[in-house]
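J.: Sending over a structure as C-alpha cells; questions will come in a sec.
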Amino acid sequence: MLFVWVILPILLVLVTVGYLFWKVSAAVRFWAEKSSRKKQRLLTAGICILLVLPAVGFPVLWFVVLMHLAVLLLLSDAIAWIVGKIRKKGFSGFWKGLYRSGAPAILLTALILGYGYYNIQHIVRTEYSVLTEKEIREEGYTVVFLSDLHYGTVLDKEQLQKAANSIEKEKPDVVILGGDIVDESTTLEEMEEAFSVLGGISSQYGIYFVYGNHDRSNYSASPNYSEQQLADAVKQAGIQTLEDTACEINGEIVLIGRGDKGDGKTGRKSVSQLVEGLDDGKVWILVDHRPADYEAAEKSGCEMILSGHTHGGQIWPIGILSGIAQMDEMNYGYREQGNLTAIVSSGIAGWGLPIRTEGHSEYVVISLSK
C-alpha cells in the first residue's frame, strides 16, 4: 500500500515533470530557434515555473491536469513517430509547428477536464434486477443504494435535494446509504445538511446507513465535527446506522451492515459472525463499504452484497490500474458469484476534485423479486 499510494505517485510526478520540461524545451527551441541558447534556457525555465506554480495552491487538481497533459503529449509523440515511419520525413510545415507547439494536447486536456466537471455533476440512474428463491411478497422490493457523496466536494443542497427527489420517485421500499456520505472536508453544517436531506426521502421501510472510511474524518488531525455529532445528525434525520449489526425488514429481508475495513475504530466482525443466528429463510443483504470478502459472503449464505468506495476510478485511468492491481474484489458493476450477487456503485458524486473522467455519478435501483 505504501508503494501504491506514496512511492508510485512521487515517481509519476518526477517522471512527468522531467518529461514536460523536455517537451517545453523542445518547443522553445523550435519557436525561438534564432534566439541565443541563454535566452532559450531562460524562456524554458520561465514557462516551467508558470506551469508548476498552480501546484502550490491546488496540488491535487494540478497533478491531475499535468498527468492528462503528459499522457496526451505522449500520444502525440507516438503519432509523430508512426507518421515518421510511414512518410520517412515525419511532420512538415504547419503540421510540424502544430505538433511541436503541444497545442493539440493542451486543447484536448482542457476539453477532457471540462467534460469531467460536467460528468461528475450529471447523476444517472442505474438499475439491476436480482432474483431470489426465498419466499418474499409477490410484488418484490425496490431497494435504492447510493454511496460516496463526499458532500461539499461536488453537490450543494439544491443539487442533492434534486437527486433525493429523483430517488423518491422510485417509490423505494428501502434506501441504503453505503458510506462516505461526508468526509474530512465537509463542515459541521454541511454534514448535518447532507443527512437531513437524505433522511427526508420517503421509503416504506426506512433509510439505513453504514460507515465508510471517510465519514468519521479518519484522515484529519482536526475534524470539523465529532463522532458523536455525526451519530446524532444521522439519528435526528431518522436514519438507522448498521455497524456490524443486522436489521429485519418486513419479516422477509435481513439487512446486514459491516464496519468499514479501513476504519481502525471498529473491530469489524467476520461475515460468519454477522450471520450467526439469523433466519436463513430470509433474504440476506450484506452492505460493506468496500468490495471485500465475496467468498466469505457467498459461503455464509448472503444473497447480495452492496458496496461503493472505488468511485469506478473517477479519474482515468485509476479504475483500470486498480483493477489490474486487484486493490478491491471488484471496481464497478454487477457480478454473480455462485448464489451471491455483488453490486459495486461508482458513487453519487466523487472525492477530492469536482471532476470525473472515468465512470459516472449514479444512484442504484435494485429490483428484488422471486
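Residue numbering restarts at 1 for every chain of the C-alpha cells, chains are lettered A, B, ... in their displayed order, and ligands are numbered from 1 as they appear.
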Using DSSP on the backbone coordinates, identify all residues within range 5-244 of chain A classified as helix (DSSP H, G or I); present the result as a PyMOL selection string.

T.: chain A and resi 5-31+37-52+54-57+59-87+93-101+103-121+157-168+188-199+227-236

J.: Hey, what's within 10 Å of range 25-37 of chain A if we count only C-alpha atoms and toss same-chain stuff fewer than 6 positions away? As a count of residues only, please?

T.: 12

J.: Can you write out as JSON lines which residues of range 240-309 of chain A fall within 12 Å of range 148-160 of chain A, alongside each residue's closest atom pair and its distance in Å to one decimal, counting only C-alpha atoms and ordering rows by chain and ascending residue number?

T.:
```
{"residue": "A:His289", "atom": "CA", "partner": "A:Asp148", "partner_atom": "CA", "distance": 9.1}
{"residue": "A:Arg290", "atom": "CA", "partner": "A:Asp148", "partner_atom": "CA", "distance": 10.9}
{"residue": "A:Ser307", "atom": "CA", "partner": "A:Asp148", "partner_atom": "CA", "distance": 9.9}
{"residue": "A:Gly308", "atom": "CA", "partner": "A:Asp148", "partner_atom": "CA", "distance": 6.7}
{"residue": "A:His309", "atom": "CA", "partner": "A:Asp148", "partner_atom": "CA", "distance": 6.5}
```

J.: Could you please take those selected residues and save all heavy atoms as a PDB file, in the first residue's frame?

T.:
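Dumped to again-v8.pdb:
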```
ATOM      1  N   HIS A 289     -18.942  -1.146   2.816  1.00  0.00           N
ATOM      2  CA  HIS A 289     -18.494  -0.001   2.030  1.00  0.00           C
ATOM      3  C   HIS A 289     -17.480  -0.385   0.958  1.00  0.00           C
ATOM      4  O   HIS A 289     -17.579   0.059  -0.188  1.00  0.00           O
ATOM      5  CB  HIS A 289     -17.898   1.068   2.950  1.00  0.00           C
ATOM      6  CG  HIS A 289     -17.338   2.253   2.220  1.00  0.00           C
ATOM      7  ND1 HIS A 289     -18.131   3.106   1.480  1.00  0.00           N
ATOM      8  CD2 HIS A 289     -16.062   2.712   2.092  1.00  0.00           C
ATOM      9  CE1 HIS A 289     -17.365   4.041   0.935  1.00  0.00           C
ATOM     10  NE2 HIS A 289     -16.116   3.827   1.273  1.00  0.00           N
ATOM     11  N   ARG A 290     -16.511  -1.212   1.316  1.00  0.00           N
ATOM     12  CA  ARG A 290     -15.508  -1.644   0.347  1.00  0.00           C
ATOM     13  C   ARG A 290     -15.872  -3.023  -0.213  1.00  0.00           C
ATOM     14  O   ARG A 290     -16.310  -3.896   0.530  1.00  0.00           O
ATOM     15  CB  ARG A 290     -14.133  -1.723   1.002  1.00  0.00           C
ATOM     16  CG  ARG A 290     -13.687  -0.431   1.631  1.00  0.00           C
ATOM     17  CD  ARG A 290     -12.259  -0.519   2.103  1.00  0.00           C
ATOM     18  NE  ARG A 290     -11.899   0.666   2.863  1.00  0.00           N
ATOM     19  CZ  ARG A 290     -10.667   1.142   2.949  1.00  0.00           C
ATOM     20  NH1 ARG A 290      -9.670   0.534   2.348  1.00  0.00           N
ATOM     21  NH2 ARG A 290     -10.417   2.224   3.649  1.00  0.00           N
ATOM     22  N   SER A 307     -21.709  -2.455  -2.298  1.00  0.00           N
ATOM     23  CA  SER A 307     -20.514  -1.692  -1.919  1.00  0.00           C
ATOM     24  C   SER A 307     -20.359  -0.457  -2.778  1.00  0.00           C
ATOM     25  O   SER A 307     -21.009  -0.304  -3.818  1.00  0.00           O
ATOM     26  CB  SER A 307     -19.245  -2.558  -2.060  1.00  0.00           C
ATOM     27  OG  SER A 307     -19.331  -3.731  -1.294  1.00  0.00           O
ATOM     28  N   GLY A 308     -19.476   0.424  -2.342  1.00  0.00           N
ATOM     29  CA  GLY A 308     -19.098   1.616  -3.098  1.00  0.00           C
ATOM     30  C   GLY A 308     -17.584   1.730  -3.051  1.00  0.00           C
ATOM     31  O   GLY A 308     -16.867   0.848  -3.462  1.00  0.00           O
ATOM     32  N   HIS A 309     -17.096   2.869  -2.561  1.00  0.00           N
ATOM     33  CA  HIS A 309     -15.682   3.110  -2.240  1.00  0.00           C
ATOM     34  C   HIS A 309     -14.774   3.356  -3.446  1.00  0.00           C
ATOM     35  O   HIS A 309     -13.927   4.243  -3.420  1.00  0.00           O
ATOM     36  CB  HIS A 309     -15.119   1.956  -1.400  1.00  0.00           C
ATOM     37  CG  HIS A 309     -13.682   2.140  -1.009  1.00  0.00           C
ATOM     38  ND1 HIS A 309     -13.278   3.140  -0.147  1.00  0.00           N
ATOM     39  CD2 HIS A 309     -12.544   1.472  -1.362  1.00  0.00           C
ATOM     40  CE1 HIS A 309     -11.961   3.063   0.016  1.00  0.00           C
ATOM     41  NE2 HIS A 309     -11.505   2.083  -0.709  1.00  0.00           N
TER      42      HIS A 309
END
```

J.: Enumerate, in order of chain and increasing residue number, the residues of range 121-193 of chain A with an atom no farther than 12 Å from range 325-336 of chain A, each with its shortest atom pair and distance in Å to one decimal, counting only C-alpha atoms, as a Markdown table.

T.:
```
| residue | atom | partner | partner_atom | distance |
| --- | --- | --- | --- | --- |
| A:Thr126 | CA | A:Gly333 | CA | 9.6 |
| A:Glu127 | CA | A:Tyr334 | CA | 10.2 |
| A:Tyr128 | CA | A:Tyr334 | CA | 7.9 |
| A:Ser129 | CA | A:Tyr334 | CA | 10.0 |
| A:Val130 | CA | A:Glu336 | CA | 9.8 |
| A:Leu131 | CA | A:Glu336 | CA | 11.1 |
```

J.: Any chance you could export the current selection's N, CA and C atoms as a PDB file, in the first residue's frame?

T.:
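Result file result_32.pdb:
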```pdb
ATOM      1  N   THR A 126     -29.004   3.876 -12.376  1.00  0.00           N
ATOM      2  CA  THR A 126     -28.540   2.560 -12.810  1.00  0.00           C
ATOM      3  C   THR A 126     -29.416   1.493 -12.170  1.00  0.00           C
ATOM      4  N   GLU A 127     -29.948   0.591 -12.976  1.00  0.00           N
ATOM      5  CA  GLU A 127     -30.893  -0.405 -12.457  1.00  0.00           C
ATOM      6  C   GLU A 127     -30.368  -1.818 -12.637  1.00  0.00           C
ATOM      7  N   TYR A 128     -30.582  -2.647 -11.618  1.00  0.00           N
ATOM      8  CA  TYR A 128     -30.250  -4.064 -11.674  1.00  0.00           C
ATOM      9  C   TYR A 128     -31.452  -4.864 -11.187  1.00  0.00           C
ATOM     10  N   SER A 129     -31.622  -6.041 -11.746  1.00  0.00           N
ATOM     11  CA  SER A 129     -32.667  -6.957 -11.298  1.00  0.00           C
ATOM     12  C   SER A 129     -32.000  -8.156 -10.629  1.00  0.00           C
ATOM     13  N   VAL A 130     -32.479  -8.489  -9.445  1.00  0.00           N
ATOM     14  CA  VAL A 130     -31.916  -9.605  -8.685  1.00  0.00           C
ATOM     15  C   VAL A 130     -33.050 -10.553  -8.317  1.00  0.00           C
ATOM     16  N   LEU A 131     -32.861 -11.841  -8.588  1.00  0.00           N
ATOM     17  CA  LEU A 131     -33.865 -12.849  -8.285  1.00  0.00           C
ATOM     18  C   LEU A 131     -33.472 -13.633  -7.041  1.00  0.00           C
TER      19      LEU A 131
END
```

J.: Can you work out which one of A:Val83, A:Ala164, A:Ile207, A:Met191 has the shortest atom-to-atom distance to Gln229 in chain A, counting only C-alpha atoms?

T.: A:Met191

J.: Using only C-alpha atoms, I'd like a table of the residues in range 145-212 of chain A that come within 8 Å of range 235-249 of chain A; for each, show the closest atom pair and its distance in Å rounded to one decimal, ordered by chain and ascending number, as JSON lines.

T.:
```
{"residue": "A:Phe195", "atom": "CA", "partner": "A:Ala237", "partner_atom": "CA", "distance": 6.0}
{"residue": "A:Ser196", "atom": "CA", "partner": "A:Ala237", "partner_atom": "CA", "distance": 5.1}
{"residue": "A:Leu198", "atom": "CA", "partner": "A:Ala237", "partner_atom": "CA", "distance": 7.9}
{"residue": "A:Gly199", "atom": "CA", "partner": "A:Ala237", "partner_atom": "CA", "distance": 4.8}
{"residue": "A:Gly200", "atom": "CA", "partner": "A:Ala237", "partner_atom": "CA", "distance": 7.3}
{"residue": "A:Tyr205", "atom": "CA", "partner": "A:Ile249", "partner_atom": "CA", "distance": 6.8}
{"residue": "A:Gly206", "atom": "CA", "partner": "A:Ile239", "partner_atom": "CA", "distance": 7.2}
{"residue": "A:Ile207", "atom": "CA", "partner": "A:Ile239", "partner_atom": "CA", "distance": 5.1}
{"residue": "A:Tyr208", "atom": "CA", "partner": "A:Gln240", "partner_atom": "CA", "distance": 4.8}
{"residue": "A:Phe209", "atom": "CA", "partner": "A:Thr241", "partner_atom": "CA", "distance": 4.7}
{"residue": "A:Val210", "atom": "CA", "partner": "A:Leu242", "partner_atom": "CA", "distance": 5.4}
{"residue": "A:Tyr211", "atom": "CA", "partner": "A:Glu243", "partner_atom": "CA", "distance": 7.2}
```

J.: Once you have the residues from the selection above, write them out as a compact mmCIF listing (two decimals), in the first residue's frame, restricted to all heavy atoms.

T.:
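Contents of result22.txt, freshly written:
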```txt
# COMPACT_ATOMS: atom_id res chain seq x y z
N PHE A 195 -27.30 14.75 5.76
CA PHE A 195 -28.14 13.68 6.32
C PHE A 195 -29.59 14.14 6.47
O PHE A 195 -30.51 13.33 6.36
CB PHE A 195 -27.57 13.21 7.65
CG PHE A 195 -26.35 12.34 7.48
CD1 PHE A 195 -25.08 12.84 7.74
CD2 PHE A 195 -26.47 11.04 7.03
CE1 PHE A 195 -23.95 12.05 7.57
CE2 PHE A 195 -25.35 10.24 6.84
CZ PHE A 195 -24.09 10.74 7.11
N SER A 196 -29.79 15.43 6.68
CA SER A 196 -31.15 15.96 6.76
C SER A 196 -31.88 15.79 5.43
O SER A 196 -33.04 15.36 5.39
CB SER A 196 -31.12 17.44 7.15
OG SER A 196 -32.41 18.00 7.14
N LEU A 198 -31.06 13.66 2.90
CA LEU A 198 -31.21 12.24 2.57
C LEU A 198 -32.23 11.57 3.49
O LEU A 198 -32.97 10.67 3.06
CB LEU A 198 -29.85 11.54 2.69
CG LEU A 198 -28.80 11.97 1.66
CD1 LEU A 198 -27.46 11.33 1.96
CD2 LEU A 198 -29.25 11.60 0.24
N GLY A 199 -32.29 12.01 4.74
CA GLY A 199 -33.26 11.45 5.67
C GLY A 199 -34.69 11.82 5.32
O GLY A 199 -35.64 11.19 5.81
N GLY A 200 -34.85 12.83 4.46
CA GLY A 200 -36.19 13.25 4.06
C GLY A 200 -36.78 12.43 2.92
O GLY A 200 -37.93 12.63 2.54
N TYR A 205 -39.84 1.20 4.27
CA TYR A 205 -39.23 0.54 5.43
C TYR A 205 -38.00 1.26 5.96
O TYR A 205 -37.23 0.70 6.74
CB TYR A 205 -38.89 -0.92 5.07
CG TYR A 205 -40.11 -1.72 4.71
CD1 TYR A 205 -40.33 -2.11 3.38
CD2 TYR A 205 -41.07 -2.05 5.65
CE1 TYR A 205 -41.47 -2.83 3.03
CE2 TYR A 205 -42.20 -2.78 5.31
CZ TYR A 205 -42.40 -3.16 4.00
OH TYR A 205 -43.53 -3.87 3.65
N GLY A 206 -37.78 2.49 5.55
CA GLY A 206 -36.74 3.29 6.17
C GLY A 206 -35.44 3.42 5.39
O GLY A 206 -35.25 2.86 4.31
N ILE A 207 -34.54 4.20 6.00
CA ILE A 207 -33.24 4.51 5.41
C ILE A 207 -32.16 3.98 6.35
O ILE A 207 -32.23 4.19 7.57
CB ILE A 207 -33.07 6.02 5.20
CG1 ILE A 207 -34.22 6.56 4.34
CG2 ILE A 207 -31.72 6.35 4.55
CD1 ILE A 207 -34.26 8.06 4.23
N TYR A 208 -31.16 3.32 5.77
CA TYR A 208 -30.11 2.68 6.57
C TYR A 208 -28.74 3.15 6.10
O TYR A 208 -28.53 3.41 4.91
CB TYR A 208 -30.23 1.16 6.46
CG TYR A 208 -31.58 0.65 6.95
CD1 TYR A 208 -32.68 0.63 6.09
CD2 TYR A 208 -31.77 0.25 8.26
CE1 TYR A 208 -33.94 0.21 6.53
CE2 TYR A 208 -33.01 -0.18 8.71
CZ TYR A 208 -34.08 -0.19 7.84
OH TYR A 208 -35.31 -0.61 8.28
N PHE A 209 -27.81 3.23 7.04
CA PHE A 209 -26.50 3.82 6.76
C PHE A 209 -25.38 2.95 7.33
O PHE A 209 -25.47 2.47 8.47
CB PHE A 209 -26.44 5.21 7.40
CG PHE A 209 -25.07 5.83 7.47
CD1 PHE A 209 -24.37 6.16 6.32
CD2 PHE A 209 -24.49 6.11 8.71
CE1 PHE A 209 -23.11 6.74 6.39
CE2 PHE A 209 -23.23 6.70 8.79
CZ PHE A 209 -22.54 7.01 7.64
N VAL A 210 -24.35 2.72 6.52
CA VAL A 210 -23.11 2.09 7.01
C VAL A 210 -21.97 3.08 6.82
O VAL A 210 -21.96 3.86 5.86
CB VAL A 210 -22.79 0.76 6.29
CG1 VAL A 210 -23.90 -0.26 6.47
CG2 VAL A 210 -22.51 0.99 4.81
N TYR A 211 -21.03 3.06 7.74
CA TYR A 211 -19.90 3.98 7.67
C TYR A 211 -18.93 3.58 6.55
O TYR A 211 -18.70 2.40 6.28
CB TYR A 211 -19.12 3.98 8.98
CG TYR A 211 -19.80 4.70 10.11
CD1 TYR A 211 -20.42 3.99 11.14
CD2 TYR A 211 -19.83 6.09 10.17
CE1 TYR A 211 -21.05 4.65 12.20
CE2 TYR A 211 -20.45 6.76 11.21
CZ TYR A 211 -21.06 6.03 12.22
OH TYR A 211 -21.69 6.69 13.25
```

J.: Could you pull the residues within 10 Å of Asn165 in chain A, counting only C-alpha atoms, minus those fewer than 2 positions along the same chain, as a short mmCIF file (atom, residue, chain, number, x, y, z; two decimals) with N, CA, C and O atoms, in the first residue's frame?

T.:
```
data_model
loop_
_atom_site.label_atom_id
_atom_site.label_comp_id
_atom_site.auth_asym_id
_atom_site.auth_seq_id
_atom_site.Cartn_x
_atom_site.Cartn_y
_atom_site.Cartn_z
N GLN A 159 -28.72 20.75 -5.38
CA GLN A 159 -28.45 19.61 -6.25
C GLN A 159 -28.74 18.29 -5.55
O GLN A 159 -29.26 17.35 -6.15
N LEU A 160 -28.37 18.22 -4.26
CA LEU A 160 -28.64 17.00 -3.51
C LEU A 160 -30.14 16.78 -3.34
O LEU A 160 -30.62 15.65 -3.44
N GLN A 161 -30.88 17.85 -3.10
CA GLN A 161 -32.33 17.74 -2.97
C GLN A 161 -32.96 17.26 -4.28
O GLN A 161 -33.90 16.45 -4.26
N LYS A 162 -32.43 17.72 -5.38
CA LYS A 162 -32.92 17.28 -6.69
C LYS A 162 -32.70 15.78 -6.85
O LYS A 162 -33.57 15.06 -7.35
N ALA A 163 -31.51 15.30 -6.44
CA ALA A 163 -31.22 13.87 -6.53
C ALA A 163 -32.13 13.08 -5.59
O ALA A 163 -32.64 12.01 -5.95
N ILE A 167 -34.82 10.04 -6.41
CA ILE A 167 -34.83 8.76 -5.71
C ILE A 167 -36.22 8.47 -5.15
O ILE A 167 -36.71 7.34 -5.21
N GLU A 168 -36.86 9.49 -4.60
CA GLU A 168 -38.19 9.31 -4.01
C GLU A 168 -39.22 8.89 -5.06
O GLU A 168 -40.16 8.14 -4.76
N LYS A 169 -39.03 9.34 -6.30
CA LYS A 169 -39.95 8.97 -7.38
C LYS A 169 -39.87 7.49 -7.71
O LYS A 169 -40.77 6.93 -8.37
N GLU A 170 -38.78 6.82 -7.27
CA GLU A 170 -38.64 5.37 -7.49
C GLU A 170 -39.58 4.59 -6.57
O GLU A 170 -39.72 3.38 -6.71
N VAL A 197 -31.20 16.11 4.33
CA VAL A 197 -31.80 15.98 3.00
C VAL A 197 -32.06 14.51 2.67
O VAL A 197 -33.16 14.13 2.24
N LEU A 198 -31.06 13.66 2.90
CA LEU A 198 -31.21 12.24 2.57
C LEU A 198 -32.23 11.57 3.49
O LEU A 198 -32.97 10.67 3.06
N GLY A 200 -34.85 12.83 4.46
CA GLY A 200 -36.19 13.25 4.06
C GLY A 200 -36.78 12.43 2.92
O GLY A 200 -37.93 12.63 2.54
N ILE A 201 -35.99 11.49 2.37
CA ILE A 201 -36.50 10.64 1.29
C ILE A 201 -37.55 9.69 1.86
O ILE A 201 -37.31 8.97 2.83
N SER A 202 -38.70 9.67 1.25
CA SER A 202 -39.78 8.80 1.71
C SER A 202 -39.56 7.38 1.22
O SER A 202 -39.32 7.15 0.02
#
```

J.: Quick one: pull the distance between CA of Leu107 in chain A and CA of Leu12 in chain A, Å, one decimal.

T.: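 We find that CA of Leu107 in chain A and CA of Leu12 in chain A lie 22.3 Å from each other.
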
J.: List as a PDB file with all heavy atoms, in the first residue's frame the protein and nucleic acid residues near Asn213 in chain A, meaning an atom at most 9 Å away when only C-alpha atoms are counted, but skip any in the same chain fewer than 4 places from it.

T.:
```pdb
ATOM      1  N   GLY A 179     -21.985   4.557   2.749  1.00  0.00           N
ATOM      2  CA  GLY A 179     -20.740   5.093   3.294  1.00  0.00           C
ATOM      3  C   GLY A 179     -20.132   6.231   2.503  1.00  0.00           C
ATOM      4  O   GLY A 179     -20.444   6.451   1.330  1.00  0.00           O
ATOM      5  N   ASP A 180     -19.257   6.971   3.168  1.00  0.00           N
ATOM      6  CA  ASP A 180     -18.594   8.164   2.615  1.00  0.00           C
ATOM      7  C   ASP A 180     -19.613   9.190   2.118  1.00  0.00           C
ATOM      8  O   ASP A 180     -19.449   9.801   1.061  1.00  0.00           O
ATOM      9  CB  ASP A 180     -17.611   7.784   1.499  1.00  0.00           C
ATOM     10  CG  ASP A 180     -16.318   7.204   2.046  1.00  0.00           C
ATOM     11  OD1 ASP A 180     -16.191   7.101   3.279  1.00  0.00           O
ATOM     12  OD2 ASP A 180     -15.438   6.852   1.244  1.00  0.00           O
ATOM     13  N   ASP A 183     -17.027  13.659   4.401  1.00  0.00           N
ATOM     14  CA  ASP A 183     -15.611  13.359   4.577  1.00  0.00           C
ATOM     15  C   ASP A 183     -14.897  14.486   5.325  1.00  0.00           C
ATOM     16  O   ASP A 183     -15.539  15.374   5.895  1.00  0.00           O
ATOM     17  CB  ASP A 183     -14.928  13.065   3.239  1.00  0.00           C
ATOM     18  CG  ASP A 183     -14.944  14.253   2.283  1.00  0.00           C
ATOM     19  OD1 ASP A 183     -15.020  15.401   2.752  1.00  0.00           O
ATOM     20  OD2 ASP A 183     -14.870  14.040   1.049  1.00  0.00           O
ATOM     21  N   SER A 217     -14.041  11.194   9.417  1.00  0.00           N
ATOM     22  CA  SER A 217     -12.854  12.054   9.246  1.00  0.00           C
ATOM     23  C   SER A 217     -11.600  11.378   9.788  1.00  0.00           C
ATOM     24  O   SER A 217     -10.806  11.972  10.524  1.00  0.00           O
ATOM     25  CB  SER A 217     -13.071  13.402   9.953  1.00  0.00           C
ATOM     26  OG  SER A 217     -14.133  14.114   9.371  1.00  0.00           O
ATOM     27  N   ASN A 218     -11.414  10.115   9.400  1.00  0.00           N
ATOM     28  CA  ASN A 218     -10.277   9.336   9.894  1.00  0.00           C
ATOM     29  C   ASN A 218      -8.925   9.889   9.463  1.00  0.00           C
ATOM     30  O   ASN A 218      -7.908   9.578  10.082  1.00  0.00           O
ATOM     31  CB  ASN A 218     -10.404   7.887   9.408  1.00  0.00           C
ATOM     32  CG  ASN A 218     -11.578   7.171  10.023  1.00  0.00           C
ATOM     33  OD1 ASN A 218     -11.883   7.376  11.190  1.00  0.00           O
ATOM     34  ND2 ASN A 218     -12.266   6.347   9.244  1.00  0.00           N
ATOM     35  N   TYR A 219      -8.899  10.692   8.411  1.00  0.00           N
ATOM     36  CA  TYR A 219      -7.627  11.161   7.875  1.00  0.00           C
ATOM     37  C   TYR A 219      -7.357  12.628   8.210  1.00  0.00           C
ATOM     38  O   TYR A 219      -6.556  13.280   7.539  1.00  0.00           O
ATOM     39  CB  TYR A 219      -7.594  10.946   6.359  1.00  0.00           C
ATOM     40  CG  TYR A 219      -7.985   9.535   5.962  1.00  0.00           C
ATOM     41  CD1 TYR A 219      -9.188   9.280   5.313  1.00  0.00           C
ATOM     42  CD2 TYR A 219      -7.161   8.448   6.273  1.00  0.00           C
ATOM     43  CE1 TYR A 219      -9.563   7.991   4.972  1.00  0.00           C
ATOM     44  CE2 TYR A 219      -7.521   7.161   5.933  1.00  0.00           C
ATOM     45  CZ  TYR A 219      -8.723   6.929   5.285  1.00  0.00           C
ATOM     46  OH  TYR A 219      -9.088   5.648   4.957  1.00  0.00           O
ATOM     47  N   ASP A 260     -16.473  -0.632   8.549  1.00  0.00           N
ATOM     48  CA  ASP A 260     -15.581  -0.468   7.393  1.00  0.00           C
ATOM     49  C   ASP A 260     -14.234  -1.145   7.618  1.00  0.00           C
ATOM     50  O   ASP A 260     -13.672  -1.114   8.709  1.00  0.00           O
ATOM     51  CB  ASP A 260     -15.367   1.015   7.088  1.00  0.00           C
ATOM     52  CG  ASP A 260     -14.503   1.218   5.864  1.00  0.00           C
ATOM     53  OD1 ASP A 260     -14.915   0.799   4.774  1.00  0.00           O
ATOM     54  OD2 ASP A 260     -13.399   1.756   6.017  1.00  0.00           O
ATOM     55  N   LYS A 261     -13.706  -1.724   6.548  1.00  0.00           N
ATOM     56  CA  LYS A 261     -12.442  -2.462   6.594  1.00  0.00           C
ATOM     57  C   LYS A 261     -11.265  -1.597   6.993  1.00  0.00           C
ATOM     58  O   LYS A 261     -10.346  -2.043   7.669  1.00  0.00           O
ATOM     59  CB  LYS A 261     -12.185  -3.081   5.214  1.00  0.00           C
ATOM     60  CG  LYS A 261     -10.965  -3.970   5.138  1.00  0.00           C
ATOM     61  CD  LYS A 261     -10.837  -4.553   3.735  1.00  0.00           C
ATOM     62  CE  LYS A 261      -9.621  -5.482   3.636  1.00  0.00           C
ATOM     63  NZ  LYS A 261      -9.495  -6.045   2.263  1.00  0.00           N
ATOM     64  N   GLY A 262     -11.284  -0.329   6.583  1.00  0.00           N
ATOM     65  CA  GLY A 262     -10.151   0.549   6.846  1.00  0.00           C
ATOM     66  C   GLY A 262     -10.329   1.441   8.050  1.00  0.00           C
ATOM     67  O   GLY A 262      -9.529   2.343   8.285  1.00  0.00           O
ATOM     68  N   ASP A 263     -11.397   1.225   8.818  1.00  0.00           N
ATOM     69  CA  ASP A 263     -11.670   2.073   9.974  1.00  0.00           C
ATOM     70  C   ASP A 263     -11.096   1.426  11.222  1.00  0.00           C
ATOM     71  O   ASP A 263     -11.631   0.453  11.732  1.00  0.00           O
ATOM     72  CB  ASP A 263     -13.186   2.269  10.112  1.00  0.00           C
ATOM     73  CG  ASP A 263     -13.545   3.320  11.153  1.00  0.00           C
ATOM     74  OD1 ASP A 263     -12.649   3.690  11.932  1.00  0.00           O
ATOM     75  OD2 ASP A 263     -14.690   3.762  11.178  1.00  0.00           O
ATOM     76  N   HIS A 289     -18.942  -1.146   2.816  1.00  0.00           N
ATOM     77  CA  HIS A 289     -18.494  -0.001   2.030  1.00  0.00           C
ATOM     78  C   HIS A 289     -17.480  -0.385   0.958  1.00  0.00           C
ATOM     79  O   HIS A 289     -17.579   0.059  -0.188  1.00  0.00           O
ATOM     80  CB  HIS A 289     -17.898   1.068   2.950  1.00  0.00           C
ATOM     81  CG  HIS A 289     -17.338   2.253   2.220  1.00  0.00           C
ATOM     82  ND1 HIS A 289     -18.131   3.106   1.480  1.00  0.00           N
ATOM     83  CD2 HIS A 289     -16.062   2.712   2.092  1.00  0.00           C
ATOM     84  CE1 HIS A 289     -17.365   4.041   0.935  1.00  0.00           C
ATOM     85  NE2 HIS A 289     -16.116   3.827   1.273  1.00  0.00           N
ATOM     86  N   ARG A 290     -16.511  -1.212   1.316  1.00  0.00           N
ATOM     87  CA  ARG A 290     -15.508  -1.644   0.347  1.00  0.00           C
ATOM     88  C   ARG A 290     -15.872  -3.023  -0.213  1.00  0.00           C
ATOM     89  O   ARG A 290     -16.310  -3.896   0.530  1.00  0.00           O
ATOM     90  CB  ARG A 290     -14.133  -1.723   1.002  1.00  0.00           C
ATOM     91  CG  ARG A 290     -13.687  -0.431   1.631  1.00  0.00           C
ATOM     92  CD  ARG A 290     -12.259  -0.519   2.103  1.00  0.00           C
ATOM     93  NE  ARG A 290     -11.899   0.666   2.863  1.00  0.00           N
ATOM     94  CZ  ARG A 290     -10.667   1.142   2.949  1.00  0.00           C
ATOM     95  NH1 ARG A 290      -9.670   0.534   2.348  1.00  0.00           N
ATOM     96  NH2 ARG A 290     -10.417   2.224   3.649  1.00  0.00           N
ATOM     97  N   HIS A 309     -17.096   2.869  -2.561  1.00  0.00           N
ATOM     98  CA  HIS A 309     -15.682   3.110  -2.240  1.00  0.00           C
ATOM     99  C   HIS A 309     -14.774   3.356  -3.446  1.00  0.00           C
ATOM    100  O   HIS A 309     -13.927   4.243  -3.420  1.00  0.00           O
ATOM    101  CB  HIS A 309     -15.119   1.956  -1.400  1.00  0.00           C
ATOM    102  CG  HIS A 309     -13.682   2.140  -1.009  1.00  0.00           C
ATOM    103  ND1 HIS A 309     -13.278   3.140  -0.147  1.00  0.00           N
ATOM    104  CD2 HIS A 309     -12.544   1.472  -1.362  1.00  0.00           C
ATOM    105  CE1 HIS A 309     -11.961   3.063   0.016  1.00  0.00           C
ATOM    106  NE2 HIS A 309     -11.505   2.083  -0.709  1.00  0.00           N
TER     107      HIS A 309
END
```

J.: Distance CA of Met304 in chain A-CA of Leu340 in chain A, one decimal place?

T.: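 Computing the Euclidean distance for CA of Met304 in chain A and CA of Leu340 in chain A yields 5.4 Å.
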
J.: Could you check how far CA of Val60 in chain A sits from CA of Thr186 in chain A, in Å to one decimal?

T.: 17.3 Å

J.: Running DSSP on the backbone, which parts of range 211-365 of chain A land in strand (DSSP E or B), as an MDAnalysis selection string?

T.: chainID A and resid 239:241 245:249 253:257 283:287 304:307 314 333:337 340:344 358 361:365
